[in-house]
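Q: My structure is stored as upload15.pdb, with PDB, C-alpha atoms.
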ATOM      1  CA  MET A   4      -3.151   3.635 -63.686
ATOM      2  CA  THR A   5      -0.013   1.833 -62.503
ATOM      3  CA  ALA A   6      -0.226  -1.920 -63.024
ATOM      4  CA  HIS A   7       0.077  -4.054 -59.905
ATOM      5  CA  VAL A   8       3.466  -5.764 -59.710
ATOM      6  CA  ARG A   9       3.489  -9.096 -57.927
ATOM      7  CA  LEU A  10       6.222  -9.368 -55.328
ATOM      8  CA  GLY A  11       8.002 -12.650 -54.884
ATOM      9  CA  ARG A  12       8.084 -14.190 -51.403
ATOM     10  CA  ALA A  13      11.180 -15.857 -49.977
ATOM     11  CA  ASP A  14      11.949 -17.379 -46.586
ATOM     12  CA  LEU A  15      15.729 -17.369 -46.324
ATOM     13  CA  HIS A  16      16.358 -19.093 -42.981
ATOM     14  CA  VAL A  17      14.845 -22.567 -42.529
ATOM     15  CA  HIS A  18      16.248 -25.411 -40.404
ATOM     16  CA  THR A  19      15.701 -29.153 -40.853
ATOM     17  CA  LEU A  20      16.356 -32.350 -38.936
ATOM     18  CA  ALA A  21      19.938 -32.132 -40.162
ATOM     19  CA  SER A  22      20.606 -29.516 -37.487
ATOM     20  CA  ASP A  23      18.227 -28.311 -34.771
ATOM     21  CA  GLY A  24      14.985 -28.440 -36.755
ATOM     22  CA  VAL A  25      12.314 -31.036 -36.067
ATOM     23  CA  ASP A  26      10.994 -31.750 -39.594
ATOM     24  CA  GLY A  27      12.696 -33.356 -42.582
ATOM     25  CA  VAL A  28      13.177 -31.692 -45.931
ATOM     26  CA  VAL A  29      10.302 -33.556 -47.593
ATOM     27  CA  THR A  30       7.879 -32.487 -44.866
ATOM     28  CA  ILE A  31       9.037 -28.891 -45.245
ATOM     29  CA  LEU A  32       8.818 -28.919 -49.048
ATOM     30  CA  GLU A  33       5.342 -30.467 -49.026
ATOM     31  CA  HIS A  34       4.156 -27.925 -46.464
ATOM     32  CA  VAL A  35       5.452 -25.029 -48.550
ATOM     33  CA  GLU A  36       3.923 -26.505 -51.690
ATOM     34  CA  ALA A  37       0.548 -26.760 -49.944
ATOM     35  CA  MET A  38       0.788 -23.114 -48.865
ATOM     36  CA  ALA A  39       1.131 -22.094 -52.533
ATOM     37  CA  SER A  40       2.325 -18.639 -51.509
ATOM     38  CA  VAL A  41       6.115 -18.927 -51.149
ATOM     39  CA  ASP A  42       8.353 -18.866 -54.208
ATOM     40  CA  VAL A  43      11.800 -19.474 -52.701
ATOM     41  CA  ILE A  44      13.119 -20.981 -49.482
ATOM     42  CA  ALA A  45      16.681 -21.227 -48.263
ATOM     43  CA  ILE A  46      17.518 -24.306 -46.223
ATOM     44  CA  ALA A  47      20.114 -22.964 -43.788
ATOM     45  CA  ASP A  48      21.111 -25.663 -41.340
ATOM     46  CA  HIS A  49      23.843 -25.018 -38.828
ATOM     47  CA  ASP A  50      27.309 -25.613 -40.294
ATOM     48  CA  ARG A  51      26.244 -27.954 -43.107
ATOM     49  CA  ILE A  52      24.624 -27.805 -46.547
ATOM     50  CA  ASP A  53      23.849 -31.441 -47.391
ATOM     51  CA  ALA A  54      20.164 -31.222 -46.441
ATOM     52  CA  ALA A  55      19.826 -28.035 -48.495
ATOM     53  CA  GLU A  56      21.383 -29.777 -51.490
ATOM     54  CA  ALA A  57      19.017 -32.728 -51.027
ATOM     55  CA  ALA A  58      16.009 -30.395 -50.744
ATOM     56  CA  SER A  59      16.974 -28.660 -53.979
ATOM     57  CA  ARG A  60      17.249 -31.981 -55.814
ATOM     58  CA  ILE A  61      13.954 -33.291 -54.420
ATOM     59  CA  ALA A  62      12.025 -30.123 -55.274
ATOM     60  CA  GLU A  63      13.341 -30.190 -58.820
ATOM     61  CA  ALA A  64      12.760 -33.936 -59.281
ATOM     62  CA  ARG A  65       9.158 -33.623 -58.094
ATOM     63  CA  GLY A  66       8.471 -30.553 -60.198
ATOM     64  CA  MET A  67       7.527 -28.503 -57.149
ATOM     65  CA  PRO A  68       6.919 -24.805 -57.748
ATOM     66  CA  VAL A  69       9.050 -23.743 -54.784
ATOM     67  CA  ARG A  70      12.743 -23.210 -55.504
ATOM     68  CA  VAL A  71      15.437 -24.014 -52.947
ATOM     69  CA  VAL A  72      18.512 -21.904 -52.272
ATOM     70  CA  VAL A  73      21.431 -23.821 -50.763
ATOM     71  CA  ALA A  74      22.396 -21.962 -47.612
ATOM     72  CA  GLU A  75      24.131 -22.423 -44.266
ATOM     73  CA  GLU A  76      23.926 -20.748 -40.885
ATOM     74  CA  VAL A  77      27.613 -20.602 -40.079
ATOM     75  CA  SER A  78      28.763 -20.526 -36.458
ATOM     76  CA  THR A  79      31.608 -18.015 -36.256
ATOM     77  CA  ARG A  80      33.595 -16.683 -33.334
ATOM     78  CA  GLY A  81      31.633 -13.451 -33.702
ATOM     79  CA  GLY A  82      28.095 -14.794 -34.097
ATOM     80  CA  HIS A  83      25.928 -16.532 -36.685
ATOM     81  CA  VAL A  84      26.160 -15.671 -40.380
ATOM     82  CA  LEU A  85      23.781 -16.785 -43.127
ATOM     83  CA  GLY A  86      25.533 -17.783 -46.314
ATOM     84  CA  LEU A  87      23.145 -17.857 -49.298
ATOM     85  CA  PHE A  88      23.691 -19.364 -52.772
ATOM     86  CA  LEU A  89      26.484 -21.653 -51.587
ATOM     87  CA  THR A  90      28.210 -24.419 -53.492
ATOM     88  CA  GLU A  91      30.460 -25.582 -50.654
ATOM     89  CA  ARG A  92      30.154 -25.877 -46.894
ATOM     90  CA  VAL A  93      31.739 -23.011 -44.959
ATOM     91  CA  PRO A  94      33.733 -24.324 -41.975
ATOM     92  CA  PRO A  95      32.550 -23.098 -38.568
ATOM     93  CA  LEU A  96      34.357 -21.367 -35.705
ATOM     94  CA  ARG A  97      36.411 -19.024 -37.866
ATOM     95  CA  SER A  98      36.496 -15.258 -37.518
ATOM     96  CA  LEU A  99      33.696 -13.166 -38.990
ATOM     97  CA  ARG A 100      36.141 -11.663 -41.456
ATOM     98  CA  GLU A 101      37.344 -15.046 -42.736
ATOM     99  CA  THR A 102      33.815 -16.452 -42.867
ATOM    100  CA  LEU A 103      32.550 -13.571 -44.998
ATOM    101  CA  ALA A 104      35.489 -14.019 -47.371
ATOM    102  CA  ARG A 105      34.817 -17.763 -47.695
ATOM    103  CA  ILE A 106      31.162 -17.093 -48.535
ATOM    104  CA  HIS A 107      32.052 -14.455 -51.121
ATOM    105  CA  ASP A 108      34.848 -16.514 -52.672
ATOM    106  CA  GLN A 109      32.288 -19.093 -53.790
ATOM    107  CA  GLY A 110      29.879 -16.474 -55.097
ATOM    108  CA  GLY A 111      27.616 -16.454 -52.057
ATOM    109  CA  ILE A 112      25.770 -13.676 -50.251
ATOM    110  CA  ALA A 113      26.590 -13.009 -46.581
ATOM    111  CA  VAL A 114      23.812 -11.975 -44.214
ATOM    112  CA  ALA A 115      23.981 -11.028 -40.528
ATOM    113  CA  ALA A 116      21.546 -13.469 -38.873
ATOM    114  CA  HIS A 117      19.292 -12.158 -36.046
ATOM    115  CA  PRO A 118      21.888  -9.452 -35.310
ATOM    116  CA  ALA A 119      22.267  -6.905 -32.523
ATOM    117  CA  THR A 120      20.998  -9.150 -29.726
ATOM    118  CA  PRO A 121      23.256  -9.309 -26.638
ATOM    119  CA  TYR A 122      23.950 -13.025 -27.007
ATOM    120  CA  PRO A 123      27.070 -14.843 -28.300
ATOM    121  CA  LEU A 124      25.177 -16.428 -31.218
ATOM    122  CA  CYS A 125      24.285 -13.017 -32.652
ATOM    123  CA  VAL A 126      26.601 -10.678 -34.558
ATOM    124  CA  SER A 127      26.851  -7.364 -32.728
ATOM    125  CA  ALA A 128      25.974  -3.998 -34.230
ATOM    126  CA  ARG A 129      29.528  -2.904 -33.484
ATOM    127  CA  SER A 130      30.965  -5.777 -35.564
ATOM    128  CA  ILE A 131      28.660  -5.041 -38.486
ATOM    129  CA  ARG A 132      29.678  -1.377 -38.469
ATOM    130  CA  ARG A 133      33.363  -2.265 -38.194
ATOM    131  CA  LEU A 134      33.197  -4.673 -41.116
ATOM    132  CA  ALA A 135      31.222  -2.168 -43.196
ATOM    133  CA  ALA A 136      34.364  -0.004 -43.171
ATOM    134  CA  GLU A 137      36.592  -2.799 -44.536
ATOM    135  CA  PRO A 138      38.262  -1.739 -47.827
ATOM    136  CA  ASP A 139      37.829  -5.223 -49.321
ATOM    137  CA  PRO A 140      34.132  -6.016 -50.048
ATOM    138  CA  ARG A 141      34.905  -9.698 -49.389
ATOM    139  CA  HIS A 142      34.957  -8.828 -45.694
ATOM    140  CA  ARG A 143      31.662  -6.916 -45.577
ATOM    141  CA  PHE A 144      28.099  -8.097 -45.020
ATOM    142  CA  ASP A 145      25.820  -7.947 -48.066
ATOM    143  CA  ALA A 146      22.545  -7.732 -46.143
ATOM    144  CA  ILE A 147      20.980  -7.757 -42.689
ATOM    145  CA  GLU A 148      18.243 -10.064 -41.437
ATOM    146  CA  ALA A 149      16.111  -7.155 -40.249
ATOM    147  CA  PHE A 150      13.108  -9.304 -39.338
ATOM    148  CA  ASN A 151      13.275 -12.634 -37.512
ATOM    149  CA  PRO A 152      10.143 -13.619 -35.545
ATOM    150  CA  THR A 153      11.987 -15.545 -32.812
ATOM    151  CA  THR A 154      12.976 -14.258 -29.386
ATOM    152  CA  PHE A 155      16.458 -13.353 -30.680
ATOM    153  CA  GLY A 156      14.937 -11.488 -33.595
ATOM    154  CA  ARG A 157      12.418  -9.590 -31.499
ATOM    155  CA  VAL A 158      15.118  -8.278 -29.140
ATOM    156  CA  GLY A 159      17.389  -7.049 -31.935
ATOM    157  CA  HIS A 160      14.716  -6.023 -34.447
ATOM    158  CA  ALA A 161      14.696  -2.241 -33.991
ATOM    159  CA  THR A 162      18.489  -2.040 -34.012
ATOM    160  CA  ALA A 163      18.718  -4.323 -37.073
ATOM    161  CA  VAL A 164      16.292  -2.116 -39.006
ATOM    162  CA  ARG A 165      18.270   1.013 -38.073
ATOM    163  CA  LEU A 166      21.554  -0.666 -39.037
ATOM    164  CA  ALA A 167      20.222  -1.605 -42.467
ATOM    165  CA  GLU A 168      19.170   2.009 -43.042
ATOM    166  CA  GLU A 169      22.374   3.503 -41.608
ATOM    167  CA  LEU A 170      24.690   1.285 -43.673
ATOM    168  CA  ALA A 171      22.466   1.186 -46.782
ATOM    169  CA  LEU A 172      22.300  -2.609 -46.612
ATOM    170  CA  PRO A 173      19.350  -4.632 -47.932
ATOM    171  CA  ALA A 174      16.862  -5.539 -45.186
ATOM    172  CA  LEU A 175      15.704  -9.160 -45.342
ATOM    173  CA  GLY A 176      13.010 -11.061 -43.494
ATOM    174  CA  SER A 177      13.176 -14.748 -42.533
ATOM    175  CA  SER A 178      11.317 -17.172 -40.297
ATOM    176  CA  ASP A 179      14.306 -18.942 -38.703
ATOM    177  CA  ALA A 180      11.846 -21.842 -38.797
ATOM    178  CA  HIS A 181      12.686 -25.000 -36.857
ATOM    179  CA  ARG A 182       9.442 -26.741 -37.897
ATOM    180  CA  ALA A 183       7.521 -26.796 -41.135
ATOM    181  CA  ALA A 184       4.537 -24.906 -39.710
ATOM    182  CA  ALA A 185       6.731 -21.881 -38.918
ATOM    183  CA  VAL A 186       7.966 -21.404 -42.487
ATOM    184  CA  ALA A 187       6.941 -18.010 -43.946
ATOM    185  CA  THR A 188       6.296 -16.365 -40.576
ATOM    186  CA  GLY A 189       9.090 -14.051 -41.749
ATOM    187  CA  LEU A 190       9.582 -13.189 -45.421
ATOM    188  CA  THR A 191      11.714 -11.274 -47.878
ATOM    189  CA  LEU A 192       9.672  -9.583 -50.606
ATOM    190  CA  PHE A 193      11.253  -8.955 -54.012
ATOM    191  CA  ARG A 194      10.368  -8.321 -57.639
ATOM    192  CA  GLY A 195      10.085 -11.574 -59.563
ATOM    193  CA  SER A 196       9.767 -15.140 -58.368
ATOM    194  CA  THR A 197      13.011 -17.022 -58.975
ATOM    195  CA  PRO A 198      16.270 -17.367 -57.035
ATOM    196  CA  ASP A 199      17.961 -15.297 -59.747
ATOM    197  CA  ASP A 200      15.371 -12.552 -59.275
ATOM    198  CA  LEU A 201      15.908 -12.725 -55.517
ATOM    199  CA  ARG A 202      19.657 -12.464 -55.852
ATOM    200  CA  ALA A 203      19.334  -9.492 -58.204
ATOM    201  CA  ALA A 204      16.995  -7.754 -55.761
ATOM    202  CA  ILE A 205      19.398  -8.245 -52.845
ATOM    203  CA  GLU A 206      22.341  -6.990 -54.881
ATOM    204  CA  ALA A 207      20.324  -3.941 -55.959
ATOM    205  CA  GLY A 208      19.090  -3.266 -52.430
ATOM    206  CA  GLU A 209      15.473  -3.670 -53.548
ATOM    207  CA  THR A 210      14.021  -5.989 -50.922
ATOM    208  CA  ARG A 211      11.423  -5.582 -48.178
ATOM    209  CA  TRP A 212      10.709  -7.630 -45.089
ATOM    210  CA  ALA A 213       7.365  -8.832 -43.748
ATOM    211  CA  GLY A 214       6.156 -11.030 -40.930
ATOM    212  CA  ALA A 215       4.753 -11.323 -37.419
ATOM    213  CA  PHE A 216       6.602 -12.104 -34.206
ATOM    214  CA  HIS A 217       5.870 -15.382 -32.417
ATOM    215  CA  GLY A 218       3.670 -15.271 -29.354
ATOM    216  CA  THR A 219       5.205 -15.768 -25.919
ATOM    217  CA  LEU A 220       4.373 -19.485 -25.728
ATOM    218  CA  GLU A 221       4.300 -20.257 -29.443
ATOM    219  CA  GLN A 222       7.792 -21.760 -29.563
ATOM    220  CA  LEU A 223       7.327 -24.149 -26.625
ATOM    221  CA  PRO A 224       6.005 -27.107 -28.714
ATOM    222  CA  THR A 225       9.078 -26.820 -30.951
ATOM    223  CA  PHE A 226      11.389 -26.838 -27.932
ATOM    224  CA  GLY A 227       9.653 -29.979 -26.696
ATOM    225  CA  ARG A 228      10.119 -31.746 -30.024
ATOM    226  CA  GLN A 229      13.776 -30.649 -30.105
ATOM    227  CA  LEU A 230      14.404 -32.125 -26.656
ATOM    228  CA  ALA A 231      12.746 -35.386 -27.683
ATOM    229  CA  LYS A 232      14.901 -35.500 -30.825
ATOM    230  CA  TYR A 233      18.088 -34.888 -28.867
ATOM    231  CA  GLY A 234      17.118 -37.641 -26.437
ATOM    232  CA  ARG A 235      16.680 -40.118 -29.294
ATOM    233  CA  GLY A 236      19.976 -38.920 -30.766
ATOM    234  CA  TRP A 237      21.835 -39.507 -27.512
ATOM    235  CA  ARG A 238      20.333 -42.999 -27.241
ATOM    236  CA  ASP A 239      21.326 -43.740 -30.845
ATOM    237  CA  GLY A 240      24.846 -42.499 -30.094
ATOM    238  CA  ILE A 241      25.233 -44.691 -27.039
ATOM    239  CA  ALA A 242      23.817 -47.683 -28.926
ATOM    240  CA  GLY A 243      26.247 -46.977 -31.770
ATOM    241  CA  LEU A 244      29.187 -46.987 -29.361
ATOM    242  CA  VAL A 245      28.020 -50.309 -27.931
ATOM    243  CA  ARG A 246      27.598 -51.805 -31.406
ATOM    244  CA  GLY A 247      30.785 -50.194 -32.671
ATOM    245  CA  ASP A 248      29.063 -49.059 -35.890
ATOM    246  CA  GLY A 249      30.002 -45.385 -35.631
ATOM    247  CA  THR A 250      26.452 -44.038 -35.310
ATOM    248  CA  ARG A 251      26.700 -40.527 -33.916
ATOM    249  CA  GLY A 252      24.460 -39.009 -31.279
ATOM    250  CA  ARG A 253      24.616 -35.460 -32.645
ATOM    251  CA  TRP A 254      21.841 -33.780 -34.679
ATOM    252  CA  PRO A 255      21.827 -36.005 -37.774
ATOM    253  CA  ALA A 256      21.908 -39.220 -35.739
ATOM    254  CA  GLY A 257      20.927 -42.335 -37.640
ATOM    255  CA  ARG A 258      17.242 -42.548 -38.429
ATOM    256  CA  HIS A 259      16.602 -38.828 -37.894
ATOM    257  CA  TRP A 260      18.746 -37.896 -40.864
ATOM    258  CA  ARG A 261      18.628 -40.694 -43.416
ATOM    259  CA  GLU A 262      14.887 -41.231 -43.511
ATOM    260  CA  PRO A 263      13.677 -37.669 -44.262
ATOM    261  CA  VAL A 264      16.307 -36.960 -46.908
ATOM    262  CA  GLY A 265      15.971 -40.355 -48.561
ATOM    263  CA  ALA A 266      12.222 -39.963 -48.941
ATOM    264  CA  GLY A 267      10.921 -39.082 -52.386
TER     265      GLY A 267
END
Render the structure in this file as structure tokens.
A:
Amino acid sequence: MTAHVRLGRADLHVHTLASDGVDGVVTILEHVEAMASVDVIAIADHDRIDAAEAASRIAEARGMPVRVVVAEEVSTRGGHVLGLFLTERVPPLRSLRETLARIHDQGGIAVAAHPATPYPLCVSARSIRRLAAEPDPRHRFDAIEAFNPTTFGRVGHATAVRLAEELALPALGSSDAHRAAAVATGLTLFRGSTPDDLRAAIEAGETRWAGAFHGTLEQLPTFGRQLAKYGRGWRDGIAGLVRGDGTRGRWPAGRHWREPVGAG
């Protein structure tokens, strides 16, 4: 009889208050710890890695079982790219080709995020195929986010799965969570339980995806919390201009950013 092999569970696309998420890193980490079923998460805020770095430090300092991969959802001129296992921030608004090279040059893994959806934030199937033919592996994707439970992910799902098979690229699953409760609604399954095991599985093409798409109205509460956050950010920004203290009104505005990361 073949012994049962436990598969590790990773959610490789989670947003925090540092970008367009609505929960801080401590809230997310404590939620994942309470679930007791996820081994690895990647904090992948838009165009920044400081919250991911903070989450990694906090999880380690608290002795939490979940491990954090430092990641970034990079805004490129050709759509969004997930950079995993990063040590430095990747600058946004560069070409896909340059972005992939910058991820690889620091030892990262480049993933096409919610691809093949006819929307500017999503890398097209045509671009993925074109880059797959690049002679230099620095300019190719390493994997495809084949499952993403959001509206973007649902639209492009079938094409993303076919692309992964056609190009022999690892198929990953992620939640693209913007609130703690959505973490693990999309998962990457792999042999082992650690970030090193995960990386080895991606590089060997031995991953599977799992998850369930969000219901039609399921994302509305998150949108409402995002709008409320942006409103507070704009007010903070205006107040900062009046005070002359430099407080910005963008995503990490004042209290929204410092409090969650500083906790713990």
Q: Tell me, in Å to one decimal, how far CA of Val25 (chain A) is from CA of Arg182 (chain A).
A: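 One can read the CA of Val25 (chain A) to CA of Arg182 (chain A) distance as 5.5 Å.
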Q: List the spatial neighbours of Glu56 (chain A) as a PyMOL selection string - criterion: any atom at most 10 Å away, only C-alpha atoms, same-chain residues fewer than 5 positions off excluded.
A: chain A and resi 46+51+61+71-74+89-90+264
Q: Looking at only C-alpha atoms, which of A:Val158, A:Leu172, A:Ala62, A:Val43 is the one that sits closest to Leu192 (chain A)?
A: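 Of the candidates, the smallest distance to Leu192 (chain A) is held by A:Val43.
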Q: Specify as a VMD selection string each residue included when the PyMOL selection byres ((chain A and resi 166) around 12) is applied to this file.
A: chain A and resid 115 118 to 119 127 to 133 135 144 146 to 149 159 to 165 167 to 174
Q: Kindly indicate which residue among A:Arg65, A:Arg80, A:His142, A:His217 lies nearest to Arg157 (chain A), using all atoms listed in the file for the distances.
A: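 Of the candidates, the smallest distance to Arg157 (chain A) is held by A:His217.
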Q: Specify as a count of residues only each residue included when the PyMOL selection byres ((chain A and resi 75) around 8) is applied to this file.
A: 17
Q: Which of these, A:Leu32, A:Ala55, A:Ala37, A:Val69, has the shortest distance to Thr197 (chain A) once you count only C-alpha atoms?
A: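 Among the listed residues, the smallest separation from Thr197 (chain A) belongs to A:Val69.
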Q: What does the structure give for the distance between CA of Phe155 (chain A) and CA of Val41 (chain A), in Å to one decimal?
A: 23.6 Å
Q: State, in Å with one decimal place, the distance from CA of Val8 (chain A) to CA of Gly195 (chain A).
A: 8.8 Å
Q: Return the single residue from A:Asp200, A:Pro152, A:Val126, A:Ala104 that is closest to His181 (chain A), with distances computed using only C-alpha atoms.
A: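 Of all the options, A:Pro152 lies closest to His181 (chain A).
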Q: For Phe193 (chain A), work out the shell of residues within 7 Å, counting only C-alpha atoms and skipping chain neighbours fewer than 2 positions away, then give it as a compact mmCIF listing (two decimals) with C-alpha atoms, keeping the file's coordinate frame.
A:
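Written output follows (out-v2.txt):
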# COMPACT_ATOMS: atom_id res chain seq x y z
CA LEU A 10 6.22 -9.37 -55.33
CA GLY A 11 8.00 -12.65 -54.88
CA ARG A 12 8.08 -14.19 -51.40
CA THR A 191 11.71 -11.27 -47.88
CA GLY A 195 10.09 -11.57 -59.56
CA LEU A 201 15.91 -12.72 -55.52
CA ALA A 204 17.00 -7.75 -55.76
CA GLU A 209 15.47 -3.67 -53.55
CA THR A 210 14.02 -5.99 -50.92
CA ARG A 211 11.42 -5.58 -48.18
